[in-house]
>>> print(open('my_file.json').read())   # JSON, C-alpha atoms
[["chain", "number", "residue", "atom", "x", "y", "z"],
["A", 1, "MET", "CA", 80.34, 42.33, 9.45],
["A", 2, "GLY", "CA", 81.60, 40.97, 12.77],
["A", 3, "ALA", "CA", 84.99, 40.03, 14.10],
["A", 4, "PRO", "CA", 86.59, 36.91, 12.64],
["A", 5, "ALA", "CA", 85.62, 33.72, 14.42],
["A", 6, "PHE", "CA", 88.40, 31.43, 15.56],
["A", 7, "GLY", "CA", 87.53, 27.89, 16.39],
["A", 8, "PRO", "CA", 88.09, 24.34, 15.21],
["A", 9, "GLU", "CA", 85.60, 24.75, 12.34],
["A", 10, "SER", "CA", 86.83, 28.13, 11.10],
["A", 11, "GLU", "CA", 89.11, 28.62, 8.11],
["A", 12, "ASP", "CA", 91.41, 30.71, 10.30],
["A", 13, "ALA", "CA", 92.08, 27.98, 12.92],
["A", 14, "GLU", "CA", 95.33, 26.98, 11.19],
["A", 15, "ALA", "CA", 96.45, 30.62, 10.96],
["A", 16, "LEU", "CA", 95.71, 31.11, 14.65],
["A", 17, "ALA", "CA", 97.63, 27.95, 15.58],
["A", 18, "ALA", "CA", 100.60, 29.14, 13.51],
["A", 19, "LEU", "CA", 100.50, 32.57, 15.19],
["A", 20, "ILE", "CA", 100.42, 31.00, 18.66],
["A", 21, "ASP", "CA", 103.36, 28.73, 17.71],
["A", 22, "ARG", "CA", 105.39, 31.72, 16.47],
["A", 23, "LEU", "CA", 104.63, 33.75, 19.59],
["A", 24, "GLN", "CA", 105.55, 30.84, 21.87],
["A", 25, "ALA", "CA", 108.79, 30.26, 19.95],
["A", 26, "LYS", "CA", 109.71, 33.93, 20.31],
["A", 27, "LEU", "CA", 108.46, 34.60, 23.86],
["A", 28, "GLY", "CA", 108.82, 31.21, 25.51],
["A", 29, "GLU", "CA", 106.69, 28.22, 26.39],
["A", 30, "GLY", "CA", 103.70, 28.97, 28.63],
["A", 31, "VAL", "CA", 103.82, 32.75, 28.07],
["A", 32, "VAL", "CA", 100.99, 33.04, 25.55],
["A", 33, "LEU", "CA", 97.82, 32.79, 27.62],
["A", 34, "ARG", "CA", 94.10, 33.42, 27.34],
["A", 35, "PRO", "CA", 91.53, 34.11, 30.06],
["A", 36, "LEU", "CA", 89.28, 31.31, 31.21],
["A", 37, "ALA", "CA", 86.09, 31.82, 33.22],
["A", 38, "VAL", "CA", 85.91, 30.02, 36.57],
["A", 39, "GLU", "CA", 82.66, 29.52, 38.42],
["A", 40, "SER", "CA", 82.86, 31.91, 41.37],
["A", 41, "TRP", "CA", 80.88, 34.95, 42.43],
["A", 42, "ILE", "CA", 83.95, 36.61, 43.98],
["A", 43, "PRO", "CA", 85.27, 38.74, 41.09],
["A", 44, "GLU", "CA", 88.99, 38.12, 41.62],
["A", 45, "ARG", "CA", 88.35, 34.36, 41.71],
["A", 46, "SER", "CA", 86.11, 34.28, 38.61],
["A", 47, "GLU", "CA", 88.86, 33.92, 36.03],
["A", 48, "THR", "CA", 92.19, 32.26, 35.51],
["A", 49, "TRP", "CA", 94.73, 32.11, 32.71],
["A", 50, "THR", "CA", 95.36, 29.05, 30.58],
["A", 51, "PRO", "CA", 97.77, 28.37, 27.70],
["A", 52, "ALA", "CA", 96.42, 29.72, 24.42],
["A", 53, "GLY", "CA", 95.43, 27.30, 21.70],
["A", 54, "PRO", "CA", 93.42, 27.31, 18.48],
["A", 55, "GLU", "CA", 90.47, 25.62, 20.19],
["A", 56, "ALA", "CA", 87.35, 27.68, 20.72],
["A", 57, "ALA", "CA", 87.17, 29.39, 24.09],
["A", 58, "PRO", "CA", 84.43, 28.05, 26.36],
["A", 59, "ALA", "CA", 81.52, 30.38, 26.95],
["A", 60, "ALA", "CA", 81.95, 32.75, 29.87],
["A", 61, "PHE", "CA", 79.49, 32.63, 32.74],
["A", 62, "ASP", "CA", 76.90, 35.28, 32.03],
["A", 63, "LEU", "CA", 75.36, 36.38, 35.28],
["A", 64, "GLY", "CA", 73.45, 39.22, 33.61],
["A", 65, "ARG", "CA", 75.23, 41.77, 35.78],
["A", 66, "ASP", "CA", 76.93, 44.99, 34.77],
["A", 67, "ARG", "CA", 80.64, 44.44, 35.42],
["A", 68, "PRO", "CA", 83.54, 46.77, 34.65],
["A", 69, "VAL", "CA", 85.84, 45.95, 31.76],
["A", 70, "LEU", "CA", 88.86, 46.89, 33.86],
["A", 71, "LEU", "CA", 89.23, 45.15, 37.22],
["A", 72, "LEU", "CA", 92.17, 46.21, 39.32],
["A", 73, "GLU", "CA", 94.67, 43.44, 39.99],
["A", 74, "ARG", "CA", 94.05, 43.95, 43.72],
["A", 75, "PRO", "CA", 91.27, 46.10, 45.16],
["A", 76, "GLU", "CA", 92.63, 49.43, 46.40],
["A", 77, "PRO", "CA", 91.55, 51.17, 49.63],
["A", 78, "VAL", "CA", 89.09, 54.04, 49.35],
["A", 79, "GLY", "CA", 88.41, 56.74, 51.91],
["A", 80, "ILE", "CA", 84.73, 57.50, 52.40],
["A", 81, "SER", "CA", 83.89, 60.96, 53.71],
["A", 82, "ALA", "CA", 80.09, 60.79, 53.36],
["A", 83, "ALA", "CA", 77.78, 57.78, 53.06],
["A", 84, "GLU", "CA", 74.31, 56.78, 54.09],
["A", 85, "LEU", "CA", 74.58, 54.09, 56.73],
["A", 86, "PRO", "CA", 74.25, 51.20, 57.06],
["A", 87, "ASP", "CA", 73.70, 50.05, 53.45],
["A", 88, "GLY", "CA", 73.85, 53.27, 51.47],
["A", 89, "ALA", "CA", 76.22, 54.25, 48.69],
["A", 90, "PRO", "CA", 78.96, 56.77, 49.37],
["A", 91, "ARG", "CA", 78.25, 60.40, 48.45],
["A", 92, "GLN", "CA", 81.95, 61.31, 48.42],
["A", 93, "PHE", "CA", 85.09, 59.20, 48.31],
["A", 94, "THR", "CA", 88.84, 59.60, 47.96],
["A", 95, "TRP", "CA", 90.80, 57.25, 45.71],
["A", 96, "ARG", "CA", 94.44, 57.71, 44.79],
["A", 97, "ARG", "CA", 94.47, 61.02, 46.74],
["A", 98, "VAL", "CA", 91.71, 62.55, 44.60],
["A", 99, "GLN", "CA", 88.35, 63.37, 46.17],
["A", 100, "ARG", "CA", 85.32, 62.58, 44.04],
["A", 101, "ARG", "CA", 81.69, 63.59, 44.56],
["A", 102, "VAL", "CA", 79.12, 60.97, 43.55],
["A", 103, "VAL", "CA", 76.19, 62.15, 41.41],
["A", 104, "LYS", "CA", 74.69, 58.72, 40.55],
["A", 105, "ALA", "CA", 74.76, 55.44, 42.43],
["A", 106, "GLU", "CA", 73.37, 51.92, 41.97],
["A", 107, "GLY", "CA", 73.50, 49.18, 44.54],
["A", 108, "PRO", "CA", 74.19, 47.45, 46.69],
["A", 109, "GLU", "CA", 74.79, 44.12, 45.02],
["A", 110, "ARG", "CA", 75.62, 41.80, 47.89],
["A", 111, "LEU", "CA", 78.22, 39.05, 47.43],
["A", 112, "SER", "CA", 78.49, 36.64, 50.33],
["A", 113, "PRO", "CA", 81.73, 34.81, 51.09],
["A", 114, "GLU", "CA", 82.19, 31.43, 49.43],
["A", 115, "TRP", "CA", 82.22, 29.54, 52.72],
["A", 116, "TRP", "CA", 82.80, 26.19, 51.00],
["A", 117, "ARG", "CA", 86.17, 27.34, 49.55],
["A", 118, "PRO", "CA", 89.27, 27.87, 51.67],
["A", 119, "ASN", "CA", 90.62, 31.42, 51.78],
["A", 120, "THR", "CA", 94.32, 30.85, 51.08],
["A", 121, "ALA", "CA", 95.03, 34.49, 50.14],
["A", 122, "SER", "CA", 94.57, 35.93, 53.63],
["A", 123, "PRO", "CA", 94.50, 34.68, 57.23],
["A", 124, "LYS", "CA", 91.58, 37.05, 57.96],
["A", 125, "PRO", "CA", 88.06, 35.67, 57.53],
["A", 126, "VAL", "CA", 86.35, 36.64, 54.28],
["A", 127, "ARG", "CA", 83.52, 39.08, 54.85],
["A", 128, "THR", "CA", 80.39, 40.03, 52.93],
["A", 129, "ARG", "CA", 80.84, 42.57, 50.14],
["A", 130, "ASP", "CA", 78.30, 45.15, 48.99],
["A", 131, "TYR", "CA", 79.18, 46.44, 45.50],
["A", 132, "TYR", "CA", 78.09, 49.84, 44.17],
["A", 133, "ARG", "CA", 78.27, 51.31, 40.65],
["A", 134, "LEU", "CA", 79.04, 55.01, 41.07],
["A", 135, "GLU", "CA", 79.40, 57.99, 38.74],
["A", 136, "ASP", "CA", 81.24, 61.17, 39.71],
["A", 137, "GLU", "CA", 80.67, 64.79, 38.59],
["A", 138, "GLU", "CA", 82.98, 64.32, 35.58],
["A", 139, "GLY", "CA", 81.09, 61.28, 34.30],
["A", 140, "ARG", "CA", 83.67, 58.72, 35.40],
["A", 141, "ARG", "CA", 82.19, 55.42, 36.55],
["A", 142, "TYR", "CA", 83.57, 53.21, 39.32],
["A", 143, "TRP", "CA", 82.91, 49.85, 40.95],
["A", 144, "LEU", "CA", 83.42, 50.09, 44.73],
["A", 145, "PHE", "CA", 82.60, 47.67, 47.49],
["A", 146, "ARG", "CA", 82.19, 47.83, 51.21],
["A", 147, "GLU", "CA", 83.72, 44.81, 52.90],
["A", 148, "GLY", "CA", 81.90, 43.84, 56.06],
["A", 149, "LEU", "CA", 78.44, 44.51, 57.43],
["A", 150, "TYR", "CA", 77.81, 47.03, 60.17],
["A", 151, "ALA", "CA", 76.80, 45.43, 63.48],
["A", 152, "ARG", "CA", 77.02, 41.92, 62.01],
["A", 153, "GLU", "CA", 80.66, 41.42, 60.96],
["A", 154, "ASP", "CA", 82.35, 43.98, 63.21],
["A", 155, "LEU", "CA", 83.97, 41.48, 65.58],
["A", 156, "GLU", "CA", 86.53, 38.81, 64.81],
["A", 157, "THR", "CA", 88.58, 36.54, 67.02],
["A", 158, "GLU", "CA", 92.34, 37.09, 67.12],
["A", 159, "PRO", "CA", 94.12, 33.88, 66.13],
["A", 160, "GLY", "CA", 95.99, 32.25, 68.99],
["A", 161, "THR", "CA", 94.57, 34.46, 71.76],
["A", 162, "GLY", "CA", 90.82, 34.09, 71.32],
["A", 163, "LYS", "CA", 90.51, 37.81, 72.04],
["A", 164, "GLU", "CA", 87.72, 39.60, 70.19],
["A", 165, "LEU", "CA", 88.86, 42.50, 67.98],
["A", 166, "GLU", "CA", 86.67, 45.20, 66.50],
["A", 167, "ARG", "CA", 87.00, 45.33, 62.71],
["A", 168, "HIS", "CA", 84.86, 48.00, 61.09],
["A", 169, "PRO", "CA", 83.73, 47.72, 57.47],
["A", 170, "THR", "CA", 86.21, 49.04, 54.91],
["A", 171, "TRP", "CA", 85.75, 50.44, 51.40],
["A", 172, "TRP", "CA", 87.64, 49.31, 48.29],
["A", 173, "MET", "CA", 87.91, 50.26, 44.60],
["A", 174, "HIS", "CA", 87.66, 47.13, 42.47],
["A", 175, "GLY", "CA", 87.28, 48.44, 38.93],
["A", 176, "VAL", "CA", 86.38, 51.23, 36.54],
["A", 177, "PHE", "CA", 83.91, 51.36, 33.68],
["A", 178, "PRO", "CA", 84.83, 52.77, 30.27]]
>>> encode(input="my_file.json", output="structure tokens")
Amino acid sequence: MGAPAFGPESEDAEALAALIDRLQAKLGEGVVLRPLAVESWIPERSETWTPAGPEAAPAAFDLGRDRPVLLLERPEPVGISAAELPDGAPRQFTWRRVQRRVVKAEGPERLSPEWWRPNTASPKPVRTRDYYRLEDEEGRRYWLFREGLYAREDLETEPGTGKELERHPTWWMHGVFP
């Protein structure tokens, strides 16, 4: 026995529409939302929120990749104390002031910048990301990425001056697995 199906053909479509109406009346117009998949390989760009309705949700893009259920709203910086360079996974990292030792690692999964889309979130150029699925000694699983490629994306031009600045790759926590 599966979860109830909501959609235009289901018996529960009217009940769902009534629930959404009650929630909107109580909470306000435009507050009741549902996620909507957007075609993008950059994780924080791959979904948006749209007003909820009784219509069936469109199918999500299934890339066949293992993604965490919980993505952080914004990736958080991670300190790496040991990693195999240039493309290796970290062996130890510090996140939220707690040091973790990695016992299992998968990756990298390389995501290139979407050069055809403008980067309105930051004035800095978007760099390549290498994602890793890591497990620590306590069995906790994480989704980290290294932003930037060693020896290939280390230099950037300072806006307005044309001066070249060295910008080393950085590490970020993007999500956790259950």
>>> closest_residue(input="my_file.json", among="A:Lys163, A:Pro68, A:Glu29, A:Pro75", to="A:Glu44", atoms="all atoms listed in the file")
A:Pro75
>>> closest_residue(input="my_file.json", among="A:Glu109, A:Asp130, A:Glu76, A:Glu138", to="A:Gly175", atoms="all atoms listed in the file")
A:Glu76
>>> atom_distance(input="my_file.json", atom1="atom CA of A:Thr170", atom2="atom CA of A:Val103")
21.3 Å
>>> residues_around(input="my_file.json", residues="A:Leu19", least_positions_apart="6", cutoff="12 Å", atoms="only C-alpha atoms", output="MDAnalysis selection string")
chainID A and resid 12:13 25:27 32 52:54
>>> closest_residue(input="my_file.json", among="A:Arg129, A:His174, A:Arg34, A:Arg97", to="A:Leu149", atoms="all atoms listed in the file")
A:Arg129
>>> closest_residue(input="my_file.json", among="A:Leu165, A:Ile42, A:Leu23, A:Val31", to="A:Tyr131", atoms="only C-alpha atoms")
A:Ile42
>>> atom_distance(input="my_file.json", atom1="atom CA of A:Tyr142", atom2="atom CA of A:Phe177")
5.9 Å
>>> atom_distance(input="my_file.json", atom1="atom CA of A:Glu135", atom2="atom CA of A:Arg101")
8.4 Å
>>> closest_residue(input="my_file.json", among="A:Pro43, A:Leu111, A:Glu166, A:Arg146", to="A:Ala89", atoms="only C-alpha atoms")
A:Arg146
>>> residues_around(input="my_file.json", residues="A:Val102", least_positions_apart="2", cutoff="7 Å", atoms="all atoms listed in the file", output="ChimeraX atom specification")
/A:91-92,100,104,134-137
>>> write_last_selection(input="my_file.json", atoms="C-alpha atoms", output="CSV table (one decimal), in the coordinates of the input")
chain,number,residue,atom,x,y,z
A,91,ARG,CA,78.2,60.4,48.4
A,92,GLN,CA,82.0,61.3,48.4
A,100,ARG,CA,85.3,62.6,44.0
A,104,LYS,CA,74.7,58.7,40.6
A,134,LEU,CA,79.0,55.0,41.1
A,135,GLU,CA,79.4,58.0,38.7
A,136,ASP,CA,81.2,61.2,39.7
A,137,GLU,CA,80.7,64.8,38.6
>>> residues_near_point(input="my_file.json", point="(81.6, 48.7, 57.7)", cutoff="12 Å", atoms="only C-alpha atoms", output="number ranges by chain")
A: 80, 83-90, 127-130, 145-155, 166-172
>>> write_last_selection(input="my_file.json", atoms="C-alpha atoms", output="PDB file, in the frame of the given file")
ATOM      1  CA  ILE A  80      84.730  57.500  52.400  1.00  0.00           C
ATOM      2  CA  ALA A  83      77.780  57.780  53.060  1.00  0.00           C
ATOM      3  CA  GLU A  84      74.310  56.780  54.090  1.00  0.00           C
ATOM      4  CA  LEU A  85      74.580  54.090  56.730  1.00  0.00           C
ATOM      5  CA  PRO A  86      74.250  51.200  57.060  1.00  0.00           C
ATOM      6  CA  ASP A  87      73.700  50.050  53.450  1.00  0.00           C
ATOM      7  CA  GLY A  88      73.850  53.270  51.470  1.00  0.00           C
ATOM      8  CA  ALA A  89      76.220  54.250  48.690  1.00  0.00           C
ATOM      9  CA  PRO A  90      78.960  56.770  49.370  1.00  0.00           C
ATOM     10  CA  ARG A 127      83.520  39.080  54.850  1.00  0.00           C
ATOM     11  CA  THR A 128      80.390  40.030  52.930  1.00  0.00           C
ATOM     12  CA  ARG A 129      80.840  42.570  50.140  1.00  0.00           C
ATOM     13  CA  ASP A 130      78.300  45.150  48.990  1.00  0.00           C
ATOM     14  CA  PHE A 145      82.600  47.670  47.490  1.00  0.00           C
ATOM     15  CA  ARG A 146      82.190  47.830  51.210  1.00  0.00           C
ATOM     16  CA  GLU A 147      83.720  44.810  52.900  1.00  0.00           C
ATOM     17  CA  GLY A 148      81.900  43.840  56.060  1.00  0.00           C
ATOM     18  CA  LEU A 149      78.440  44.510  57.430  1.00  0.00           C
ATOM     19  CA  TYR A 150      77.810  47.030  60.170  1.00  0.00           C
ATOM     20  CA  ALA A 151      76.800  45.430  63.480  1.00  0.00           C
ATOM     21  CA  ARG A 152      77.020  41.920  62.010  1.00  0.00           C
ATOM     22  CA  GLU A 153      80.660  41.420  60.960  1.00  0.00           C
ATOM     23  CA  ASP A 154      82.350  43.980  63.210  1.00  0.00           C
ATOM     24  CA  LEU A 155      83.970  41.480  65.580  1.00  0.00           C
ATOM     25  CA  GLU A 166      86.670  45.200  66.500  1.00  0.00           C
ATOM     26  CA  ARG A 167      87.000  45.330  62.710  1.00  0.00           C
ATOM     27  CA  HIS A 168      84.860  48.000  61.090  1.00  0.00           C
ATOM     28  CA  PRO A 169      83.730  47.720  57.470  1.00  0.00           C
ATOM     29  CA  THR A 170      86.210  49.040  54.910  1.00  0.00           C
ATOM     30  CA  TRP A 171      85.750  50.440  51.400  1.00  0.00           C
ATOM     31  CA  TRP A 172      87.640  49.310  48.290  1.00  0.00           C
TER      32      TRP A 172
END
>>> closest_residue(input="my_file.json", among="A:Ala18, A:Val38, A:Val78, A:Leu33", to="A:Phe93", atoms="all atoms listed in the file")
A:Val78
